[in-house]
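Q: One structure is given below, represented as structure tokens, and several questions about it will come after.
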Amino acid sequence: MSEVAALLSAQQSLRQCFDVIEQQQEEWKHVLMECEPLISTLSNLAEQLQACQKVTFTQTPLGGFTDLQDRLRYKLEAAVDLTLEKLNDNMCTLQKVRDSVSQKVGSTLYVYEVNAEVLSLEASLQRTSLSPSIADMLEWLQDIEKYYRNQYLQRRLLLQLHNDCLTEMKSLPHSWAKLEDNSSSKQQFVQDTLLNVSFFREAA
């Protein structure tokens, strides 16, 4: 294979990878937006469950309804389970995004490695007004893949909750927002990278 053919192969693989990342990034943002009201609902339910456990119904005007407290707690716990199930479904979608990005980045690195013996160092490092260097783009892809991998893991760990984790559930909106704030620069990096390669992708 000539160096020109190897260069074209690596560039085509890079374009396809950035196309996948753009698609998956939109899916990622959409799912996170769906998670926000569920996180808030879970926190409110946890607060209601704590209140239900603290109140002694027999000492209130509702004391005549002997099974009311148990029925209310059962209803709240069922609502918690349903909300956690919906969040788990969203996490499964985030996992698919992570896996899609990881798989595509891995295949792009493989294409480059296959062609690396033919490509000169100069060809890998060359930048133009329309295109970053292959080396730059490969580094960006690895950083993006790491971002999705770490974000998924951290969010999954936050949602390892059960009905008895009421304190953690109540503070979940704060923990979720803190994770969002801490990752804002990385989110911006993904957007900036897609912008940086826009002319390169259009030049196909």
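Just so we're on the same page: first chain in the structure tokens is A, next is B, and so on; residues restart at 1 for each chain, and ligands are numbered from 1 in the order they show up.
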Tell me which protein, DNA and RNA residues are within 6 Å of segment 100-110 of chain A, counting only C-alpha atoms, leaving out same-chain ones fewer than 5 positions away, and put them as JSON, numbers by chain.

A: {"A": [13, 17, 145]}

Q: Check which residues of segment 79-154 of chain A sit at most 9 Å from segment 182-204 of chain A using only C-alpha atoms, and return one row each with the closest pair of atoms and their distance in Å to one decimal, ordered by chain and rising number, as CSV.

A:
residue,atom,partner,partner_atom,distance
A:Ser129,CA,A:Phe199,CA,8.8
A:Leu130,CA,A:Phe199,CA,5.4
A:Ser131,CA,A:Phe200,CA,4.9
A:Pro132,CA,A:Val197,CA,7.0
A:Met137,CA,A:Val197,CA,8.2
A:Trp140,CA,A:Thr193,CA,7.2
A:Leu141,CA,A:Thr193,CA,8.9
A:Asp143,CA,A:Val190,CA,8.9
A:Ile144,CA,A:Val190,CA,6.4
A:Tyr147,CA,A:Lys186,CA,6.8
A:Gln151,CA,A:Ser183,CA,7.9

Q: Include C-alpha atoms and write out the residues we just selected as a PDB file, in the first residue's frame.

A:
ATOM      1  CA  SER A 129      -5.746  25.060   7.402  1.00  0.00           C
ATOM      2  CA  LEU A 130      -8.566  22.552   6.902  1.00  0.00           C
ATOM      3  CA  SER A 131      -7.300  19.610   8.904  1.00  0.00           C
ATOM      4  CA  PRO A 132      -5.662  18.910  12.254  1.00  0.00           C
ATOM      5  CA  MET A 137      -7.085  13.673  16.156  1.00  0.00           C
ATOM      6  CA  TRP A 140      -8.488  13.732  20.954  1.00  0.00           C
ATOM      7  CA  LEU A 141     -10.383  10.516  20.271  1.00  0.00           C
ATOM      8  CA  ASP A 143      -9.524  11.648  25.491  1.00  0.00           C
ATOM      9  CA  ILE A 144     -13.168  11.568  24.355  1.00  0.00           C
ATOM     10  CA  TYR A 147     -14.518  10.931  29.116  1.00  0.00           C
ATOM     11  CA  GLN A 151     -18.725   9.570  33.143  1.00  0.00           C
TER      12      GLN A 151
END

Q: Residues near Glu27 of chain A, anyone? I mean within 9 Å using only C-alpha atoms, not counting same-chain ones fewer than 3 positions away, as a list in words.

A: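 Skipping anything fewer than 3 positions along the chain leaves Glu22, Gln23, Gln24, His30, Val31, Leu32, Thr93, Leu94 and Val97 of chain A.
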
Q: Quick one: of A:Asp181, A:Glu117, A:Glu26, A:Glu77, who's nearest to Asn44 of chain A, counting only C-alpha atoms?

A: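 Among A:Asp181, A:Glu117, A:Glu26, A:Glu77, it is A:Glu77 that comes nearest to Asn44 of chain A.
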
Q: Could you please determine the separation between atom CA of Asn150 of chain A and atom CA of Leu87 of chain A in Å, to one decimal place?

A: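 Answer for the atom CA of Asn150 of chain A to atom CA of Leu87 of chain A separation: 18.0 Å.
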
Q: State, in Å with one decimal place, the distance from atom CA of Leu166 of chain A to atom CA of Asn90 of chain A.

A: 21.0 Å

Q: Choose the residue, out of A:Gln25, A:Thr41, A:Leu82, A:Tyr112, that has the smallest atom-to-atom separation from Gln11 of chain A; count only C-alpha atoms.

A: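 For Gln11 of chain A, the nearest of the given residues is A:Tyr112.
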
Q: Check segment 97-126 of chain A with DSSP on the backbone and list each residue it calls alpha helix (DSSP H), as a list of chain:residue names.

A: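 Filtering segment 97-126 of chain A down to alpha helix (DSSP H) leaves A:Val97, A:Arg98, A:Asp99, A:Ser100, A:Val101, A:Ser102, A:Gln103, A:Lys104, A:Val105, A:Gly106, A:Ser107, A:Thr108, A:Leu109, A:Tyr110, A:Val111, A:Tyr112, A:Glu113, A:Val114, A:Asn115, A:Leu121, A:Glu122, A:Ala123, A:Ser124, A:Leu125.
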
Q: With N, CA and C atoms kept, could you save the residues just selected as a CSV table (one decimal), in the first residue's frame?

A:
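Saved result, out-v9.csv, follows:
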chain,number,residue,atom,x,y,z
A,97,VAL,N,-24.0,4.1,24.5
A,97,VAL,CA,-23.2,5.2,24.0
A,97,VAL,C,-21.7,5.0,24.2
A,98,ARG,N,-21.4,4.7,25.5
A,98,ARG,CA,-20.0,4.5,25.9
A,98,ARG,C,-19.4,3.4,25.0
A,99,ASP,N,-20.1,2.3,24.9
A,99,ASP,CA,-19.6,1.1,24.1
A,99,ASP,C,-19.4,1.5,22.7
A,100,SER,N,-20.4,2.2,22.1
A,100,SER,CA,-20.3,2.6,20.7
A,100,SER,C,-19.1,3.5,20.4
A,101,VAL,N,-18.8,4.4,21.3
A,101,VAL,CA,-17.7,5.3,21.2
A,101,VAL,C,-16.4,4.5,21.4
A,102,SER,N,-16.3,3.7,22.4
A,102,SER,CA,-15.1,2.9,22.6
A,102,SER,C,-14.8,2.0,21.5
A,103,GLN,N,-15.8,1.3,20.9
A,103,GLN,CA,-15.6,0.4,19.8
A,103,GLN,C,-15.1,1.1,18.6
A,104,LYS,N,-15.7,2.3,18.3
A,104,LYS,CA,-15.3,3.0,17.1
A,104,LYS,C,-13.9,3.6,17.2
A,105,VAL,N,-13.6,4.2,18.4
A,105,VAL,CA,-12.3,4.7,18.6
A,105,VAL,C,-11.2,3.6,18.5
A,106,GLY,N,-11.6,2.4,19.1
A,106,GLY,CA,-10.6,1.3,19.0
A,106,GLY,C,-10.4,0.8,17.6
A,107,SER,N,-11.4,0.8,16.8
A,107,SER,CA,-11.3,0.4,15.4
A,107,SER,C,-10.5,1.4,14.6
A,108,THR,N,-10.6,2.7,14.9
A,108,THR,CA,-9.9,3.8,14.3
A,108,THR,C,-8.4,3.7,14.6
A,109,LEU,N,-8.1,3.4,15.9
A,109,LEU,CA,-6.7,3.3,16.3
A,109,LEU,C,-6.1,2.0,15.5
A,110,TYR,N,-6.9,1.0,15.4
A,110,TYR,CA,-6.4,-0.2,14.7
A,110,TYR,C,-6.1,0.1,13.2
A,111,VAL,N,-7.0,0.9,12.6
A,111,VAL,CA,-6.7,1.2,11.2
A,111,VAL,C,-5.4,2.0,11.1
A,112,TYR,N,-5.2,2.9,12.0
A,112,TYR,CA,-3.9,3.7,12.0
A,112,TYR,C,-2.7,2.8,12.2
A,113,GLU,N,-2.8,1.9,13.2
A,113,GLU,CA,-1.7,1.0,13.5
A,113,GLU,C,-1.4,0.1,12.2
A,114,VAL,N,-2.4,-0.3,11.5
A,114,VAL,CA,-2.2,-1.2,10.4
A,114,VAL,C,-1.4,-0.4,9.3
A,115,ASN,N,-1.7,0.9,9.2
A,115,ASN,CA,-1.1,1.7,8.2
A,115,ASN,C,0.2,2.5,8.7
A,121,LEU,N,6.3,9.8,9.8
A,121,LEU,CA,6.0,10.6,10.9
A,121,LEU,C,5.6,12.0,10.5
A,122,GLU,N,6.1,12.5,9.4
A,122,GLU,CA,5.7,13.8,8.9
A,122,GLU,C,4.3,13.8,8.4
A,123,ALA,N,3.8,12.7,7.8
A,123,ALA,CA,2.4,12.6,7.4
A,123,ALA,C,1.5,12.6,8.6
A,124,SER,N,1.9,11.9,9.6
A,124,SER,CA,1.0,11.8,10.8
A,124,SER,C,0.9,13.1,11.6
A,125,LEU,N,2.0,13.9,11.5
A,125,LEU,CA,2.0,15.2,12.2
A,125,LEU,C,1.6,16.4,11.4

Q: Would you compute the distance between atom CA of Met33 of chain A and atom CA of Leu172 of chain A? Give it in Å to one decimal.

A: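 That distance, rounded to one decimal, is 15.2 Å.
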
Q: Can you work out which one of A:Ala177, A:Ala46, A:Arg149, A:Ile134 has the shortest atom-to-atom distance to Leu8 of chain A, counting only C-alpha atoms?

A: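 Going through A:Ala177, A:Ala46, A:Arg149, A:Ile134 one by one, the smallest distance to Leu8 of chain A is for A:Ile134.
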